[in-house]
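Reading through the structure tokens given below for one structure.
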Number of protein chains: 2
Amino acid sequence: MKELRRHIEEIIQLTESEFELIATYFTERKFKRGDYVVRQGIKVDHTFFVVEGMMKLIFDDESGKEHILSFAMENWWETDYLAFHKRTQATMSLKCLEDTTVICLSFEDYHNLCAAVSKMEHFFLNKATSGHLASQQRILSLLASTAQERYFKLIHNYPSLTKRVSKSQLASYLGLSRETLSRLYKGK
Amino acid sequence: MKELRRHIEEIIQLTESEFELIATYFTERKFKRGDYVVRQGIKVDHTFFVVEGMMKLIFDDESGKEHILSFAMENWWETDYLAFHKRTQATMSLKCLEDTTVICLSFEDYHNLCAAVSKMEHFFLNKATSGHLASQQRILSLLASTAQERYFKLIHNYPSLTKRVSKSQLASYLGLSRETLSRLYKGK
């Protein structure tokens, strides 16, 4: 849980006893590469903090084509937020691209924790705001950037991604064909 | 300010004196159709709650083409969130499609208000979460839905939009040509 404490303390300061209380709301789980953490069609009870590893948030359309909404790596929170907050079945899946350790927080405990430790509401407000503005930027990039601009922005912001994620996964995230991405790689 | 009170009380209950205090942090402003509330390149100091009217959040690319990220109508909060929270110049503009009345909250007062009335932190967490999950759905729709699916979903969720927004504005939001949208209208 030390990664979680460090992560929370980037936003709010905690005493030893406050963190001891906070830690009781979280559960660590380990998944293998290829495992589903959230699965399309199944109720979503948890949100996940990535301690180590990498997951992808995906949507499989009716034709079976996979669309990648985001990659979630160390220090990221991810889940199907609509399904988590509205208590419904997932419309997306969260799948491990590497062996992954996450810290899980249930919907019930998310609300209980905010009620018990009001500082945590401030922490989650900060995280929800970051999530919202990152999503707004991704919408902007999908609407207004060329594939080449999206590719160079991605490797600029997350240089480790190209080492950890296959070209076909990157192409899917960028909305490119595998061939177009290969041309961009060569032109680097 | 009664619309703001009703809106906040959908999430949290307030006493008369609590709302009197909260109201001191907000300022009402009126804009005319065509006015800019936020302008690309200019620092963003406020977030806006729409009391009456309609705005569009847009990005003008280098070629001068306008991309519509969202429409903001009654009971919506909107701004360039990255610029607002990071204290930078706007990369997007917020422009009135109708005469619009907004209630403004400055960055400083947003934080002062949360510190003074902790219930408001809960309210803003709820709003940031809604904004994040709506953005996640818009990303999904941009990645995985056809133009026709996006159109029918939009008019299903916001039936009043087709009456208040021109076809060319709707086409821009959906990422369609004006001609394709006209064909969808006829096929309704």
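Simple scheme: letters A, B, ... for chains in structure tokens order, numbers from 1 for residues in each chain, numbers from 1 for ligands in the order shown.
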
Checklist entry - Contacts of segment 94-102 of chain A at 6 Å or less, counting only C-alpha atoms, minus same-chain residues fewer than 2 places along, as a VMD selection string? => result chain A and resid 28 to 38 48 to 57

Item to check | Distance filter 6 Å, only C-alpha atoms, chain A against chain B, as JSON, numbers by chain | outcome: {"A": [81, 82, 125, 128, 129, 131, 132, 133, 135, 139]}

Next, dump the selected residues to file, keeping only N, CA, C and O atoms, as a PDB file, in the first residue's frame.
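Writing done, so here's selection_4.pdb:
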```
ATOM      1  N   TYR A  81     -16.277   4.134 -15.861  1.00  0.00           N
ATOM      2  CA  TYR A  81     -16.817   5.062 -14.852  1.00  0.00           C
ATOM      3  C   TYR A  81     -18.338   5.164 -14.891  1.00  0.00           C
ATOM      4  O   TYR A  81     -18.979   5.312 -13.853  1.00  0.00           O
ATOM      5  N   LEU A  82     -18.915   5.096 -16.103  1.00  0.00           N
ATOM      6  CA  LEU A  82     -20.377   5.166 -16.188  1.00  0.00           C
ATOM      7  C   LEU A  82     -20.987   3.980 -15.438  1.00  0.00           C
ATOM      8  O   LEU A  82     -21.878   4.143 -14.601  1.00  0.00           O
ATOM      9  N   LEU A 125     -11.786  14.571  -5.784  1.00  0.00           N
ATOM     10  CA  LEU A 125     -12.162  15.704  -6.633  1.00  0.00           C
ATOM     11  C   LEU A 125     -10.998  16.057  -7.565  1.00  0.00           C
ATOM     12  O   LEU A 125     -11.185  16.268  -8.769  1.00  0.00           O
ATOM     13  N   ALA A 128     -10.833  13.248 -10.201  1.00  0.00           N
ATOM     14  CA  ALA A 128     -11.948  13.297 -11.161  1.00  0.00           C
ATOM     15  C   ALA A 128     -11.752  14.468 -12.119  1.00  0.00           C
ATOM     16  O   ALA A 128     -12.020  14.370 -13.321  1.00  0.00           O
ATOM     17  N   THR A 129     -11.255  15.589 -11.576  1.00  0.00           N
ATOM     18  CA  THR A 129     -10.991  16.760 -12.406  1.00  0.00           C
ATOM     19  C   THR A 129      -9.906  16.446 -13.433  1.00  0.00           C
ATOM     20  O   THR A 129     -10.043  16.757 -14.622  1.00  0.00           O
ATOM     21  N   GLY A 131      -9.123  13.523 -14.574  1.00  0.00           N
ATOM     22  CA  GLY A 131      -9.710  12.591 -15.543  1.00  0.00           C
ATOM     23  C   GLY A 131     -10.568  13.319 -16.556  1.00  0.00           C
ATOM     24  O   GLY A 131     -10.503  13.052 -17.756  1.00  0.00           O
ATOM     25  N   HIS A 132     -11.356  14.279 -16.066  1.00  0.00           N
ATOM     26  CA  HIS A 132     -12.249  15.031 -16.948  1.00  0.00           C
ATOM     27  C   HIS A 132     -11.448  15.855 -17.949  1.00  0.00           C
ATOM     28  O   HIS A 132     -11.730  15.853 -19.142  1.00  0.00           O
ATOM     29  N   LEU A 133     -10.408  16.528 -17.466  1.00  0.00           N
ATOM     30  CA  LEU A 133      -9.684  17.380 -18.414  1.00  0.00           C
ATOM     31  C   LEU A 133      -8.815  16.569 -19.378  1.00  0.00           C
ATOM     32  O   LEU A 133      -8.655  16.957 -20.550  1.00  0.00           O
ATOM     33  N   SER A 135      -9.765  13.697 -20.552  1.00  0.00           N
ATOM     34  CA  SER A 135     -10.747  13.219 -21.539  1.00  0.00           C
ATOM     35  C   SER A 135     -11.101  14.321 -22.522  1.00  0.00           C
ATOM     36  O   SER A 135     -11.253  14.079 -23.724  1.00  0.00           O
ATOM     37  N   ILE A 139     -10.762  14.093 -26.579  1.00  0.00           N
ATOM     38  CA  ILE A 139     -11.832  14.414 -27.537  1.00  0.00           C
ATOM     39  C   ILE A 139     -11.306  15.417 -28.563  1.00  0.00           C
ATOM     40  O   ILE A 139     -11.468  15.244 -29.764  1.00  0.00           O
TER      41      ILE A 139
END
```

As a short mmCIF file (atom, residue, chain, number, x, y, z; two decimals) with N, CA, C and O atoms, in the first residue's frame, please: the residues near Thr162 of chain B (cut-off 12 Å, only C-alpha atoms, same-chain neighbours under 4 positions excluded).
```
data_model
loop_
_atom_site.label_atom_id
_atom_site.label_comp_id
_atom_site.auth_asym_id
_atom_site.auth_seq_id
_atom_site.Cartn_x
_atom_site.Cartn_y
_atom_site.Cartn_z
N PHE B 71 -21.90 21.07 -26.63
CA PHE B 71 -22.88 22.15 -26.47
C PHE B 71 -23.16 22.27 -24.98
O PHE B 71 -23.24 21.25 -24.28
N TYR B 151 -25.68 10.37 -34.45
CA TYR B 151 -26.79 11.31 -34.67
C TYR B 151 -28.04 10.86 -33.90
O TYR B 151 -28.65 11.65 -33.18
N PHE B 152 -28.42 9.59 -34.03
CA PHE B 152 -29.65 9.13 -33.38
C PHE B 152 -29.52 9.14 -31.86
O PHE B 152 -30.47 9.42 -31.14
N LEU B 154 -27.66 11.27 -30.16
CA LEU B 154 -27.71 12.68 -29.76
C LEU B 154 -29.15 13.19 -29.70
O LEU B 154 -29.55 13.81 -28.71
N ILE B 155 -29.94 12.91 -30.73
CA ILE B 155 -31.31 13.45 -30.71
C ILE B 155 -32.18 12.68 -29.71
O ILE B 155 -33.15 13.22 -29.20
N HIS B 156 -31.79 11.45 -29.39
CA HIS B 156 -32.52 10.72 -28.34
C HIS B 156 -32.22 11.32 -26.97
O HIS B 156 -33.12 11.55 -26.16
N ASN B 157 -30.95 11.62 -26.70
CA ASN B 157 -30.56 12.15 -25.39
C ASN B 157 -30.94 13.62 -25.22
O ASN B 157 -31.26 14.06 -24.12
N TYR B 158 -30.85 14.38 -26.29
CA TYR B 158 -31.10 15.83 -26.22
C TYR B 158 -32.04 16.25 -27.33
O TYR B 158 -31.63 16.91 -28.29
N SER B 166 -28.35 24.81 -35.39
CA SER B 166 -28.45 24.65 -36.85
C SER B 166 -27.86 23.31 -37.28
O SER B 166 -27.04 22.71 -36.58
N LYS B 167 -28.27 22.87 -38.47
CA LYS B 167 -27.77 21.59 -38.98
C LYS B 167 -26.27 21.61 -39.17
O LYS B 167 -25.60 20.62 -38.95
N SER B 168 -25.72 22.75 -39.56
CA SER B 168 -24.26 22.77 -39.77
C SER B 168 -23.51 22.66 -38.45
O SER B 168 -22.44 22.07 -38.38
N GLN B 169 -24.11 23.21 -37.37
CA GLN B 169 -23.48 23.07 -36.05
C GLN B 169 -23.54 21.60 -35.58
O GLN B 169 -22.57 21.06 -35.06
N LEU B 170 -24.71 20.99 -35.78
CA LEU B 170 -24.86 19.58 -35.39
C LEU B 170 -23.89 18.71 -36.18
O LEU B 170 -23.25 17.81 -35.63
N ALA B 171 -23.76 18.99 -37.47
CA ALA B 171 -22.87 18.21 -38.34
C ALA B 171 -21.43 18.33 -37.83
O ALA B 171 -20.70 17.34 -37.74
N LEU B 181 -25.58 14.75 -42.94
CA LEU B 181 -26.58 15.00 -41.90
C LEU B 181 -27.96 15.21 -42.53
O LEU B 181 -28.95 14.69 -42.01
N TYR B 185 -31.48 13.28 -41.66
CA TYR B 185 -32.73 13.97 -41.32
C TYR B 185 -33.89 13.40 -42.15
O TYR B 185 -34.95 13.10 -41.64
#
```

Next on the checklist: Report, in Å with one decimal, the straight-line distance from atom CA of Thr27 of chain A to atom CA of Asn112 of chain A.
Outcome noted: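 Pair atom CA of Thr27 of chain A / atom CA of Asn112 of chain A returns 14.7 Å.
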
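Remark: for Lys2 of chain B, the closest of the candidate residues B:Ala147, B:Val44, B:Met73, B:Ala23 is B:Ala23 (distances computed over only C-alpha atoms).
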
Item to check | Computed interatomic separation between atom CA of Gln89 of chain B and atom CA of Asp45 of chain B (Å) | outcome: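 One can read the atom CA of Gln89 of chain B to atom CA of Asp45 of chain B distance as 9.3 Å.
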
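Taking atom CA of Ile22 of chain B as the reference point, atom CA of Asn75 of chain B is found at 17.2 Å.
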